[in-house]
>>> print(open('query.txt').read())   # compact mmCIF, C-alpha atoms and all ligand atoms
# COMPACT_ATOMS: atom_id res chain seq x y z
CA MET X 727 0.00 0.00 0.00
CA ALA X 728 1.42 3.36 -0.94
CA LEU X 729 1.96 5.75 1.92
CA THR X 730 -0.70 8.12 0.71
CA GLU X 731 -3.32 5.38 0.82
CA PHE X 732 -3.16 4.89 4.55
CA GLU X 733 -6.26 5.81 6.41
CA ALA X 734 -6.29 8.74 8.74
CA VAL X 735 -4.33 8.14 11.89
CA PRO X 736 -6.21 8.41 15.16
CA ALA X 737 -6.26 11.93 16.40
CA PHE X 738 -5.72 11.03 20.02
CA GLU X 739 -3.58 13.43 21.93
CA HIS X 740 0.00 12.58 22.60
CA ALA X 741 1.58 13.75 25.80
CA PRO X 742 4.81 15.72 26.05
CA ARG X 743 7.82 13.48 26.76
CA THR X 744 7.90 12.04 30.26
CA PRO X 745 11.58 11.40 30.98
CA GLY X 746 12.23 7.89 32.22
CA LEU X 747 8.90 6.44 31.13
CA VAL X 748 9.32 3.44 28.90
CA VAL X 749 6.82 1.16 27.17
CA MET X 750 8.13 -2.36 26.69
CA LYS X 751 6.19 -4.83 24.52
CA PHE X 752 6.75 -8.59 24.52
CA GLY X 753 5.48 -10.78 21.70
CA GLY X 754 3.96 -14.25 21.94
CA THR X 755 7.21 -16.22 21.74
CA SER X 756 8.76 -14.02 24.46
CA VAL X 757 6.01 -15.09 26.88
CA GLY X 758 5.62 -18.62 25.48
CA ASP X 759 5.97 -20.58 28.74
CA PRO X 760 6.20 -19.97 32.51
CA GLU X 761 10.00 -19.68 32.45
CA LYS X 762 9.86 -17.05 29.73
CA LEU X 763 7.11 -15.18 31.58
CA LYS X 764 9.41 -15.05 34.60
CA ARG X 765 12.26 -13.79 32.45
CA VAL X 766 10.04 -10.98 31.16
CA ALA X 767 9.19 -10.14 34.77
CA GLN X 768 12.92 -9.94 35.54
CA ARG X 769 13.53 -7.62 32.62
CA LEU X 770 10.71 -5.34 33.73
CA VAL X 771 11.96 -5.29 37.30
CA ALA X 772 15.46 -4.48 36.04
CA ALA X 773 14.08 -1.54 34.05
CA ARG X 774 12.18 -0.36 37.13
CA ASP X 775 15.25 -0.77 39.36
CA ALA X 776 17.20 1.33 36.88
CA GLY X 777 14.84 4.18 37.77
CA ASN X 778 12.29 3.99 34.93
CA LYS X 779 8.54 4.17 35.07
CA VAL X 780 7.61 0.95 33.32
CA VAL X 781 4.52 0.16 31.27
CA ALA X 782 4.58 -3.29 29.67
CA VAL X 783 2.34 -4.63 26.93
CA VAL X 784 2.25 -8.38 26.48
CA SER X 785 0.90 -10.61 23.74
CA ALA X 786 -0.86 -13.89 24.31
CA MET X 787 1.38 -16.84 25.19
CA GLY X 788 2.81 -18.69 22.18
CA HIS X 789 0.09 -19.80 19.78
CA THR X 790 -2.81 -19.05 22.14
CA THR X 791 -4.58 -16.71 19.72
CA ASP X 792 -4.39 -19.22 16.85
CA GLU X 793 -5.71 -21.92 19.17
CA LEU X 794 -8.61 -19.74 20.30
CA VAL X 795 -9.49 -18.96 16.67
CA ALA X 796 -9.41 -22.69 15.88
CA LEU X 797 -11.53 -23.43 18.93
CA ALA X 798 -14.14 -20.89 17.84
CA HIS X 799 -14.33 -22.54 14.43
CA GLN X 800 -14.83 -25.94 16.01
CA VAL X 801 -17.93 -24.58 17.67
CA SER X 802 -19.21 -22.43 14.83
CA PRO X 803 -18.31 -22.19 11.13
CA THR X 804 -18.96 -18.44 11.20
CA PRO X 805 -18.37 -17.16 14.73
CA GLN X 806 -19.90 -13.78 15.47
CA GLU X 807 -17.20 -11.16 15.51
CA ARG X 808 -18.32 -9.67 18.81
CA GLU X 809 -17.98 -13.04 20.47
CA LEU X 810 -14.65 -13.72 18.75
CA ASP X 811 -13.30 -10.54 20.33
CA MET X 812 -14.56 -11.61 23.76
CA LEU X 813 -12.75 -14.89 23.27
CA LEU X 814 -9.47 -13.70 21.69
CA SER X 815 -8.94 -10.86 24.18
CA VAL X 816 -8.53 -13.48 26.89
CA GLY X 817 -5.09 -14.58 25.63
CA GLU X 818 -3.44 -11.29 26.49
CA ARG X 819 -5.23 -11.06 29.83
CA ILE X 820 -3.71 -14.39 30.82
CA SER X 821 -0.15 -13.33 30.10
CA CYS X 822 -0.36 -9.92 31.73
CA ALA X 823 -1.85 -11.34 34.93
CA LEU X 824 0.87 -14.01 35.07
CA VAL X 825 3.68 -11.50 34.53
CA ALA X 826 2.23 -9.27 37.26
CA MET X 827 2.26 -12.22 39.69
CA ALA X 828 5.89 -13.01 38.84
CA ILE X 829 6.90 -9.36 39.36
CA VAL X 830 5.36 -9.27 42.82
CA ASP X 831 7.41 -12.37 43.71
CA LEU X 832 10.52 -10.44 42.71
CA GLY X 833 9.65 -7.79 45.26
CA GLN X 834 8.26 -5.03 43.02
CA LEU X 835 4.73 -3.69 42.81
CA ALA X 836 2.72 -4.54 39.71
CA ILE X 837 -0.81 -4.36 38.38
CA SER X 838 -2.34 -5.91 35.28
CA LEU X 839 -5.02 -4.09 33.30
CA THR X 840 -7.24 -5.19 30.44
CA GLY X 841 -7.25 -2.95 27.38
CA SER X 842 -10.50 -1.48 28.58
CA GLN X 843 -9.19 -0.80 32.09
CA ALA X 844 -6.09 0.77 30.59
CA GLY X 845 -8.31 3.21 28.67
CA ILE X 846 -7.73 1.91 25.14
CA VAL X 847 -10.86 3.26 23.48
CA THR X 848 -11.61 2.05 19.94
CA ASP X 849 -14.22 2.25 17.23
CA SER X 850 -16.60 -0.69 17.06
CA SER X 851 -15.29 -2.67 14.09
CA HIS X 852 -14.84 -6.01 15.79
CA THR X 853 -11.68 -8.02 15.01
CA LYS X 854 -9.99 -4.99 13.42
CA ALA X 855 -10.87 -2.08 15.65
CA LYS X 856 -8.92 1.16 15.53
CA ILE X 857 -7.81 3.04 18.61
CA VAL X 858 -9.53 6.42 18.76
CA GLU X 859 -8.45 7.58 22.18
CA VAL X 860 -6.29 6.58 25.13
CA ARG X 861 -7.73 7.50 28.54
CA ALA X 862 -4.67 6.75 30.55
CA HIS X 863 -5.63 7.96 34.03
CA ARG X 864 -5.55 4.49 35.62
CA ILE X 865 -2.08 3.94 34.20
CA HIS X 866 -0.91 7.28 35.58
CA GLU X 867 -2.37 6.47 38.99
CA ALA X 868 -0.63 3.10 39.05
CA LEU X 869 2.68 4.62 37.97
CA GLY X 870 2.18 7.19 40.72
CA ARG X 871 1.98 4.29 43.19
CA ASP X 872 5.29 3.02 41.80
CA GLU X 873 3.69 0.01 40.19
CA ILE X 874 4.88 -1.68 37.02
CA VAL X 875 1.82 -1.55 34.79
CA LEU X 876 1.00 -4.57 32.63
CA VAL X 877 -1.45 -3.86 29.84
CA ALA X 878 -3.15 -6.62 27.89
CA GLY X 879 -2.26 -5.96 24.26
CA PHE X 880 -4.39 -6.28 21.12
CA GLN X 881 -7.66 -5.12 22.71
CA GLY X 882 -9.75 -2.18 23.69
CA VAL X 883 -13.29 -1.15 24.35
CA SER X 884 -15.69 0.40 21.88
CA ALA X 885 -16.74 3.90 22.88
CA ASP X 886 -20.20 3.33 21.38
CA SER X 887 -21.17 -0.18 22.37
CA LEU X 888 -18.87 -0.60 25.39
CA ASP X 889 -18.05 -4.02 23.97
CA VAL X 890 -14.59 -5.56 24.01
CA THR X 891 -12.82 -5.15 20.69
CA THR X 892 -9.56 -6.50 19.25
CA LEU X 893 -7.18 -4.59 17.02
CA GLY X 894 -6.38 -7.19 14.35
CA ARG X 895 -3.65 -9.83 14.33
CA GLY X 896 -0.37 -8.49 15.63
CA GLY X 897 -2.31 -5.74 17.40
CA SER X 898 -0.24 -5.72 20.59
CA ASP X 899 2.33 -3.64 18.71
CA THR X 900 -0.37 -1.05 18.15
CA THR X 901 -1.36 -1.06 21.82
CA ALA X 902 2.27 -0.46 22.77
CA VAL X 903 2.89 2.37 20.32
CA ALA X 904 -0.43 4.08 21.11
CA LEU X 905 0.39 3.94 24.82
CA ALA X 906 3.89 5.26 24.20
CA ALA X 907 2.38 8.20 22.29
CA ALA X 908 -0.35 8.87 24.81
CA LEU X 909 2.00 8.65 27.80
CA GLY X 910 4.86 10.55 26.17
CA ALA X 911 7.23 7.62 26.70
CA ASP X 912 10.95 8.08 26.12
CA ALA X 913 10.86 5.03 23.89
CA CYS X 914 8.70 2.13 22.83
CA GLU X 915 10.73 -1.08 22.90
CA ILE X 916 9.37 -4.03 20.95
CA TYR X 917 10.87 -7.27 22.28
CA THR X 918 10.61 -10.14 19.83
CA ASP X 919 12.17 -13.44 18.77
CA VAL X 920 14.45 -11.86 16.17
CA ARG X 921 17.32 -9.42 16.72
CA GLY X 922 15.67 -6.59 14.84
CA VAL X 923 14.62 -5.65 11.33
CA PHE X 924 16.52 -7.50 8.61
CA SER X 925 17.38 -6.84 4.96
CA ALA X 926 15.27 -9.95 4.16
CA ASP X 927 13.65 -12.72 6.16
CA PRO X 928 16.66 -14.45 7.77
CA ARG X 929 14.87 -17.81 7.60
CA LEU X 930 14.94 -17.46 3.83
CA VAL X 931 18.16 -15.58 3.18
CA ALA X 932 21.02 -16.89 5.31
CA ASN X 933 23.19 -13.78 4.90
CA ALA X 934 20.41 -11.25 5.54
CA ARG X 935 21.73 -8.29 7.53
CA LYS X 936 20.29 -6.75 10.65
CA LEU X 937 19.63 -3.08 10.00
CA ASP X 938 20.72 -0.66 12.75
CA ARG X 939 18.32 2.06 11.67
CA VAL X 940 15.46 2.36 9.22
CA SER X 941 13.16 5.30 8.60
CA PHE X 942 9.48 5.23 9.57
CA GLU X 943 8.60 5.35 5.86
CA GLU X 944 10.72 2.32 5.04
CA MET X 945 9.44 0.40 8.06
CA LEU X 946 5.88 1.25 7.13
CA GLU X 947 6.37 -0.08 3.61
CA MET X 948 8.14 -3.16 4.96
CA ALA X 949 5.43 -3.88 7.52
CA SER X 950 2.64 -3.51 4.98
CA SER X 951 4.49 -5.57 2.37
CA GLY X 952 4.97 -8.66 4.47
CA ALA X 953 7.84 -8.11 6.93
CA GLY X 954 6.32 -9.90 9.92
CA VAL X 955 8.24 -7.99 12.53
CA MET X 956 5.76 -5.18 13.27
CA MET X 957 2.11 -4.49 12.57
CA ALA X 958 1.89 -1.77 9.91
CA ARG X 959 -0.66 0.28 11.78
CA SER X 960 1.61 0.54 14.82
CA VAL X 961 4.38 2.02 12.67
CA GLU X 962 1.92 4.49 11.22
CA ILE X 963 0.94 5.66 14.70
CA ALA X 964 4.59 5.85 15.74
CA ARG X 965 5.38 8.03 12.74
CA THR X 966 2.45 10.37 13.33
CA HIS X 967 3.22 10.83 17.00
CA ASN X 968 6.98 10.61 16.58
CA VAL X 969 7.40 7.73 19.02
CA ARG X 970 11.01 6.52 19.37
CA LEU X 971 10.70 2.90 18.34
CA ASN X 972 13.20 0.12 18.94
CA VAL X 973 12.79 -3.49 17.78
CA ARG X 974 15.03 -5.90 19.65
CA SER X 975 15.46 -9.48 20.86
CA SER X 976 13.95 -10.71 24.12
CA PHE X 977 16.71 -13.24 24.41
CA GLU X 978 19.88 -11.34 23.46
CA ASP X 979 21.40 -8.06 24.52
CA ASP X 980 21.78 -6.56 21.05
CA GLU X 981 20.57 -2.94 20.49
CA GLY X 982 18.22 -4.12 17.78
CA THR X 983 16.89 -1.75 15.13
CA TRP X 984 15.85 1.85 15.72
CA ILE X 985 13.03 3.18 13.61
CA THR X 986 13.68 6.87 13.16
CA GLU X 987 12.88 10.01 11.25
CA GLU X 988 14.10 10.23 7.70
CA ASP X 989 16.36 13.19 8.51
CA ASP X 990 18.17 11.28 11.28
CA PRO X 991 21.86 11.89 10.45
CA MET X 992 22.72 8.37 11.68
CA LEU X 993 20.44 6.79 9.08
CA GLU X 994 22.31 5.06 6.26
CA LYS X 995 20.98 6.47 3.03
CA ALA X 996 20.93 3.07 1.37
CA LEU X 997 19.56 2.76 -2.15
CA ILE X 998 17.74 -0.40 -1.09
CA SER X 999 17.25 -1.36 2.55
CA ALA X 1000 15.32 -4.58 2.30
CA VAL X 1001 13.54 -7.14 0.18
CA VAL X 1002 10.33 -8.27 1.81
CA HIS X 1003 7.75 -10.78 0.72
CA GLN X 1004 4.33 -12.23 1.20
CA ARG X 1005 3.71 -15.79 0.07
CA GLU X 1006 0.01 -15.29 -0.63
CA GLU X 1007 -2.12 -12.38 -1.69
CA THR X 1008 -5.37 -12.63 -3.61
CA VAL X 1009 -5.42 -10.55 -6.78
CA TYR X 1010 -8.83 -9.48 -8.13
CA ARG X 1011 -9.81 -8.18 -11.54
CA ALA X 1012 -13.20 -6.45 -11.67
CA ARG X 1013 -15.36 -4.79 -14.30
CA GLY X 1014 -18.79 -3.16 -14.26
CA ALA X 1015 -18.51 -0.96 -11.18
CA SER X 1016 -16.87 2.42 -10.85
CA ALA X 1017 -13.74 2.61 -8.72
CA ALA X 1018 -15.58 4.81 -6.22
CA THR X 1019 -18.45 2.35 -5.78
CA LEU X 1020 -16.15 -0.64 -5.76
CA PHE X 1021 -13.72 0.60 -3.13
CA GLY X 1022 -16.56 2.09 -1.11
CA ALA X 1023 -18.14 -1.36 -0.90
CA LEU X 1024 -14.80 -3.02 -0.10
CA ALA X 1025 -14.13 -0.49 2.64
CA SER X 1026 -17.57 -1.04 4.19
CA ALA X 1027 -16.86 -4.77 4.14
CA ASN X 1028 -13.59 -3.98 5.99
CA VAL X 1029 -11.44 -5.44 3.23
CA ASN X 1030 -7.83 -4.45 3.64
CA VAL X 1031 -7.10 -3.47 0.04
CA ASP X 1032 -3.43 -3.31 -0.90
CA THR X 1033 -2.35 -2.69 -4.48
CA ILE X 1034 -4.80 -0.86 -6.77
CA LEU X 1035 -4.40 -0.48 -10.52
CA GLN X 1036 -7.08 1.00 -12.71
CA SER X 1037 -7.42 1.16 -16.47
CA THR X 1038 -10.41 2.29 -18.52
CA GLU X 1039 -11.82 -1.24 -18.72
CA GLU X 1040 -11.08 -2.74 -15.34
CA VAL X 1041 -9.81 -2.41 -11.81
CA VAL X 1042 -7.14 -4.71 -10.43
CA PHE X 1043 -6.54 -4.86 -6.70
CA SER X 1044 -5.09 -7.18 -4.12
CA ALA X 1045 -6.09 -8.09 -0.58
CA PRO X 1046 -5.04 -10.63 2.06
CA PRO X 1047 -6.37 -14.18 1.55
CA GLU X 1048 -8.33 -13.99 4.82
CA ASP X 1049 -10.42 -11.13 3.40
CA LYS X 1050 -11.61 -13.21 0.44
CA THR X 1051 -15.09 -13.95 1.76
CA ALA X 1052 -15.68 -10.28 2.54
CA ALA X 1053 -14.26 -9.13 -0.82
CA SER X 1054 -16.26 -11.65 -2.86
CA GLY X 1055 -19.39 -10.65 -0.96
CA ALA X 1056 -18.83 -6.98 -1.75
CA LEU X 1057 -18.13 -7.66 -5.44
CA GLU X 1058 -21.22 -9.88 -5.75
CA SER X 1059 -23.44 -7.29 -4.05
CA LEU X 1060 -22.41 -4.73 -6.70
CA GLY X 1061 -23.15 -7.13 -9.54
CA ALA X 1062 -19.62 -6.62 -10.83
CA THR X 1063 -18.00 -9.05 -13.24
CA TRP X 1064 -14.93 -10.31 -11.49
CA GLU X 1065 -12.35 -13.01 -11.13
CA CYS X 1066 -9.48 -13.59 -8.76
CA ARG X 1067 -6.16 -15.43 -8.57
CA ASP X 1068 -5.03 -17.30 -5.49
CA ASP X 1069 -1.69 -18.48 -6.83
CA LEU X 1070 0.23 -15.22 -6.40
CA GLY X 1071 2.50 -13.81 -3.75
CA LYS X 1072 4.44 -10.59 -3.68
CA VAL X 1073 8.05 -9.50 -3.49
CA SER X 1074 8.87 -5.87 -2.69
CA VAL X 1075 12.11 -3.96 -2.92
CA ILE X 1076 12.17 -1.09 -0.42
CA GLY X 1077 14.60 1.76 0.07
CA ALA X 1078 14.45 5.50 0.67
CA GLY X 1079 17.42 5.93 -1.68
CA MET X 1080 15.38 5.03 -4.76
CA LYS X 1081 13.62 8.39 -4.54
CA SER X 1082 16.71 10.03 -5.96
CA HIS X 1083 18.14 7.17 -8.04
CA PRO X 1084 16.46 6.16 -11.27
CA GLY X 1085 16.86 2.65 -12.61
CA VAL X 1086 15.83 0.58 -9.60
CA ALA X 1087 12.66 -0.64 -11.31
CA ALA X 1088 14.59 -1.56 -14.46
CA LYS X 1089 17.14 -3.48 -12.41
CA THR X 1090 14.43 -5.26 -10.41
CA PHE X 1091 12.68 -6.47 -13.57
CA ALA X 1092 15.99 -7.54 -15.14
CA ILE X 1093 16.89 -9.60 -12.05
CA LEU X 1094 13.50 -11.27 -12.00
CA GLU X 1095 13.63 -11.96 -15.71
CA ALA X 1096 17.08 -13.53 -15.41
CA ALA X 1097 15.60 -15.80 -12.72
CA GLY X 1098 12.78 -16.76 -15.09
CA ILE X 1099 10.14 -14.89 -13.09
CA ALA X 1100 7.47 -12.81 -14.80
CA PRO X 1101 5.53 -10.34 -12.59
CA ALA X 1102 1.75 -10.48 -13.03
CA VAL X 1103 1.12 -7.09 -11.42
CA VAL X 1104 3.59 -4.33 -10.62
CA SER X 1105 2.96 -1.41 -8.32
CA THR X 1106 5.20 1.26 -6.88
CA SER X 1107 5.49 4.01 -4.31
CA PRO X 1108 8.33 6.54 -4.15
CA ILE X 1109 10.32 4.09 -2.01
CA LYS X 1110 8.98 0.69 -3.11
CA ILE X 1111 8.70 -1.56 -6.13
CA ALA X 1112 6.30 -4.42 -5.57
CA CYS X 1113 5.80 -7.35 -7.94
CA HIS X 1114 3.06 -9.94 -7.67
CA ILE X 1115 4.59 -13.19 -8.83
CA PRO X 1116 3.63 -16.87 -8.57
CA SER X 1117 3.72 -17.96 -4.92
CA ASP X 1118 6.09 -20.82 -5.65
CA GLN X 1119 8.67 -18.39 -7.07
CA VAL X 1120 8.64 -15.95 -4.15
CA ASP X 1121 11.56 -17.53 -2.29
CA ALA X 1122 13.76 -17.58 -5.39
CA ALA X 1123 12.85 -13.96 -6.17
CA VAL X 1124 13.74 -12.77 -2.67
CA ARG X 1125 17.14 -14.50 -2.82
CA ALA X 1126 17.92 -13.22 -6.31
CA LEU X 1127 17.02 -9.61 -5.46
CA HIS X 1128 18.83 -9.65 -2.09
CA ASP X 1129 21.93 -10.94 -3.88
CA ALA X 1130 21.83 -8.65 -6.88
CA PHE X 1131 21.24 -5.52 -4.79
CA GLU X 1132 24.11 -6.64 -2.52
CA LEU X 1133 22.19 -6.33 0.72
CA ALA X 1134 24.18 -8.97 2.62
N1 LIG L 1 -2.14 -12.25 20.18
C1 LIG L 1 -2.49 -11.47 19.01
C2 LIG L 1 -2.08 -12.21 17.75
O1 LIG L 1 -1.57 -13.31 17.84
C3 LIG L 1 -1.95 -10.10 19.06
C4 LIG L 1 -0.44 -10.00 19.08
O2 LIG L 1 0.24 -10.98 19.34
O3 LIG L 1 0.07 -8.91 18.84
O4 LIG L 1 -2.28 -11.72 16.69
MG MG L 2 3.80 -9.59 16.32
>>> encode(input="query.txt", output="structure tokens")
Amino acid sequence: MALTEFEAVPAFEHAPRTPGLVVMKFGGTSVGDPEKLKRVAQRLVAARDAGNKVVAVVSAMGHTTDELVALAHQVSPTPQERELDMLLSVGERISCALVAMAIVDLGQLAISLTGSQAGIVTDSSHTKAKIVEVRAHRIHEALGRDEIVLVAGFQGVSADSLDVTTLGRGGSDTTAVALAAALGADACEIYTDVRGVFSADPRLVANARKLDRVSFEEMLEMASSGAGVMMARSVEIARTHNVRLNVRSSFEDDEGTWITEEDDPMLEKALISAVVHQREETVYRARGASAATLFGALASANVNVDTILQSTEEVVFSAPPEDKTAASGALESLGATWECRDDLGKVSVIGAGMKSHPGVAAKTFAILEAAGIAPAVVSTSPIKIACHIPSDQVDAAVRALHDAFELA
């Protein structure tokens, strides 16, 4: 998705910087079992002992969320979204209560809060709610009592219905960044199972390089083009509210990757920073409805549209595979003629340097062609070239591009 296509960022107020206040977020693998939960507690206590005010956001343990989704589908083929949110929000409540218990055993004060108790107020679109406001008074009170505050990630409460909502998969990142903005945190630290942001997925490219710094713009493009390390929306909020963001390992002491402003003098002005990929994305081709009607209907159906290409005869767009039911429903309701392809994935070359260097697109296509790969759809932003290619050629494309652009 091009930068300009992002929806409006929540207009919640951000606080002036509070020195010494830090938001630390731990992902599912970092809280995967009781030992790891205790290690997180130790880290939080260490940060508190170092004199910080500590707010921690935790994800659900390990694969809890996936298991809850599967459980719902064993009971109902089409679980109601309101009830799904009630169910899924439990995962994060479990881990934050457990970490709070472990902290108290280490001799510090701690309190766990649900998203709702922490004042994470959202709209009412269940399973992909957006944060509209952070009413942080309970957090401030707890910090005032010298407590380490554990906030259940990925969830909030709808201002209209007062129902529990969830923020979409990976949403704990968004909770953390929104809290960091609303509390004026010194930094928002995202603790994960990798050492930071890489020049390509290290599971795929053995010599992928950890990046010390990337700009918000690059990170945003990476996150929305398949880099699993952060939820795109959280980066968007961080950029808007200028939250200092650091992605680092829960298990090692490396500094990780800082996500910073584009004019940061420490930022390498690399031509290309990373090659990211998505193995699956559904690509639709539709005729017989105007772009305005079509995308209006897709938006109402909450379809997360990515690439859009329009010619006089047809509109081509892509969306995540999990949105297929919603997208097909919207297209059918308009009476559009349409078809879709499920055999495509996407490889994207991202780098702020391409703004001022022509020829990156030409080189990208030449590399793919030499590898025998023909893009089905191409889309670009000022800092990205994205090619939809057959899913089974994605791995080869990532390796070829990472090599040819010398990112190792
Ligand atoms: N537990 C949620 C998920 O698995 C949210 C998160 O981990 O950020 O998507
Ligand atoms: Mg995550």
>>> closest_residue(input="query.txt", among="X:Asp1118, X:Glu987, X:Glu1132, X:Asp899", to="ligand MG 2 (chain L)", atoms="all atoms listed in the file")
X:Asp899
>>> residues_around(input="query.txt", residues="X:Gly1055", least_positions_apart="5", cutoff="9 Å", atoms="all atoms listed in the file", output="list in words")
Leu1024, Ala1027, Lys1050 and Leu1060 of chain X
>>> residues_near_ligand(input="query.txt", ligand="ligand MG 2 (chain L)", cutoff="8 Å", atoms="all atoms listed in the file", output="MDAnalysis selection string")
chainID X and resid 753:754 895:899 918 954:957
>>> closest_residue(input="query.txt", among="X:Ile1111, X:Leu893, X:Val961, X:Val940", to="X:Met992", atoms="all atoms listed in the file")
X:Val940
>>> residues_near_ligand(input="query.txt", ligand="ligand LIG 1 (chain L)", cutoff="12 Å", atoms="only C-alpha atoms and all ligand atoms", output="PDB file with C-alpha atoms, in the coordinates of the input")
ATOM      1  CA  LYS X 751       6.190  -4.830  24.520  1.00  0.00           C
ATOM      2  CA  PHE X 752       6.750  -8.590  24.520  1.00  0.00           C
ATOM      3  CA  GLY X 753       5.480 -10.780  21.700  1.00  0.00           C
ATOM      4  CA  GLY X 754       3.960 -14.250  21.940  1.00  0.00           C
ATOM      5  CA  THR X 755       7.210 -16.220  21.740  1.00  0.00           C
ATOM      6  CA  SER X 756       8.760 -14.020  24.460  1.00  0.00           C
ATOM      7  CA  VAL X 757       6.010 -15.090  26.880  1.00  0.00           C
ATOM      8  CA  GLY X 758       5.620 -18.620  25.480  1.00  0.00           C
ATOM      9  CA  VAL X 783       2.340  -4.630  26.930  1.00  0.00           C
ATOM     10  CA  VAL X 784       2.250  -8.380  26.480  1.00  0.00           C
ATOM     11  CA  SER X 785       0.900 -10.610  23.740  1.00  0.00           C
ATOM     12  CA  ALA X 786      -0.860 -13.890  24.310  1.00  0.00           C
ATOM     13  CA  MET X 787       1.380 -16.840  25.190  1.00  0.00           C
ATOM     14  CA  GLY X 788       2.810 -18.690  22.180  1.00  0.00           C
ATOM     15  CA  HIS X 789       0.090 -19.800  19.780  1.00  0.00           C
ATOM     16  CA  THR X 790      -2.810 -19.050  22.140  1.00  0.00           C
ATOM     17  CA  THR X 791      -4.580 -16.710  19.720  1.00  0.00           C
ATOM     18  CA  ASP X 792      -4.390 -19.220  16.850  1.00  0.00           C
ATOM     19  CA  GLU X 793      -5.710 -21.920  19.170  1.00  0.00           C
ATOM     20  CA  LEU X 794      -8.610 -19.740  20.300  1.00  0.00           C
ATOM     21  CA  VAL X 795      -9.490 -18.960  16.670  1.00  0.00           C
ATOM     22  CA  ASP X 811     -13.300 -10.540  20.330  1.00  0.00           C
ATOM     23  CA  LEU X 813     -12.750 -14.890  23.270  1.00  0.00           C
ATOM     24  CA  LEU X 814      -9.470 -13.700  21.690  1.00  0.00           C
ATOM     25  CA  SER X 815      -8.940 -10.860  24.180  1.00  0.00           C
ATOM     26  CA  VAL X 816      -8.530 -13.480  26.890  1.00  0.00           C
ATOM     27  CA  GLY X 817      -5.090 -14.580  25.630  1.00  0.00           C
ATOM     28  CA  GLU X 818      -3.440 -11.290  26.490  1.00  0.00           C
ATOM     29  CA  ARG X 819      -5.230 -11.060  29.830  1.00  0.00           C
ATOM     30  CA  ILE X 820      -3.710 -14.390  30.820  1.00  0.00           C
ATOM     31  CA  SER X 821      -0.150 -13.330  30.100  1.00  0.00           C
ATOM     32  CA  CYS X 822      -0.360  -9.920  31.730  1.00  0.00           C
ATOM     33  CA  THR X 853     -11.680  -8.020  15.010  1.00  0.00           C
ATOM     34  CA  LYS X 854      -9.990  -4.990  13.420  1.00  0.00           C
ATOM     35  CA  ALA X 878      -3.150  -6.620  27.890  1.00  0.00           C
ATOM     36  CA  GLY X 879      -2.260  -5.960  24.260  1.00  0.00           C
ATOM     37  CA  PHE X 880      -4.390  -6.280  21.120  1.00  0.00           C
ATOM     38  CA  GLN X 881      -7.660  -5.120  22.710  1.00  0.00           C
ATOM     39  CA  THR X 892      -9.560  -6.500  19.250  1.00  0.00           C
ATOM     40  CA  LEU X 893      -7.180  -4.590  17.020  1.00  0.00           C
ATOM     41  CA  GLY X 894      -6.380  -7.190  14.350  1.00  0.00           C
ATOM     42  CA  ARG X 895      -3.650  -9.830  14.330  1.00  0.00           C
ATOM     43  CA  GLY X 896      -0.370  -8.490  15.630  1.00  0.00           C
ATOM     44  CA  GLY X 897      -2.310  -5.740  17.400  1.00  0.00           C
ATOM     45  CA  SER X 898      -0.240  -5.720  20.590  1.00  0.00           C
ATOM     46  CA  ASP X 899       2.330  -3.640  18.710  1.00  0.00           C
ATOM     47  CA  THR X 900      -0.370  -1.050  18.150  1.00  0.00           C
ATOM     48  CA  THR X 901      -1.360  -1.060  21.820  1.00  0.00           C
ATOM     49  CA  ALA X 902       2.270  -0.460  22.770  1.00  0.00           C
ATOM     50  CA  VAL X 903       2.890   2.370  20.320  1.00  0.00           C
ATOM     51  CA  ILE X 916       9.370  -4.030  20.950  1.00  0.00           C
ATOM     52  CA  TYR X 917      10.870  -7.270  22.280  1.00  0.00           C
ATOM     53  CA  THR X 918      10.610 -10.140  19.830  1.00  0.00           C
ATOM     54  CA  GLY X 954       6.320  -9.900   9.920  1.00  0.00           C
ATOM     55  CA  VAL X 955       8.240  -7.990  12.530  1.00  0.00           C
ATOM     56  CA  MET X 956       5.760  -5.180  13.270  1.00  0.00           C
ATOM     57  CA  MET X 957       2.110  -4.490  12.570  1.00  0.00           C
ATOM     58  CA  ALA X 958       1.890  -1.770   9.910  1.00  0.00           C
ATOM     59  CA  ARG X 959      -0.660   0.280  11.780  1.00  0.00           C
ATOM     60  CA  SER X 960       1.610   0.540  14.820  1.00  0.00           C
TER      61      SER X 960
END
>>> closest_residue(input="query.txt", among="X:Ala1053, X:Leu937, X:Ala1000, X:Ile829", to="X:Lys1110", atoms="all atoms listed in the file")
X:Ala1000
>>> residues_around(input="query.txt", residues="X:Asp872", least_positions_apart="3", cutoff="10 Å", atoms="only C-alpha atoms", output="list in words")
Arg774, Asn778, Lys779, Val780, Gln834, Leu835, Ala836, His866, Glu867, Ala868, Leu869 and Val875 of chain X
>>> write_last_selection(input="query.txt", atoms="C-alpha atoms", output="compact mmCIF listing (two decimals), in the frame of the given file")
# COMPACT_ATOMS: atom_id res chain seq x y z
CA ARG X 774 12.18 -0.36 37.13
CA ASN X 778 12.29 3.99 34.93
CA LYS X 779 8.54 4.17 35.07
CA VAL X 780 7.61 0.95 33.32
CA GLN X 834 8.26 -5.03 43.02
CA LEU X 835 4.73 -3.69 42.81
CA ALA X 836 2.72 -4.54 39.71
CA HIS X 866 -0.91 7.28 35.58
CA GLU X 867 -2.37 6.47 38.99
CA ALA X 868 -0.63 3.10 39.05
CA LEU X 869 2.68 4.62 37.97
CA VAL X 875 1.82 -1.55 34.79
>>> closest_residue(input="query.txt", among="X:Val883, X:Ala1126, X:Ala772, X:Ala1012", to="X:Thr1038", atoms="all atoms listed in the file")
X:Ala1012
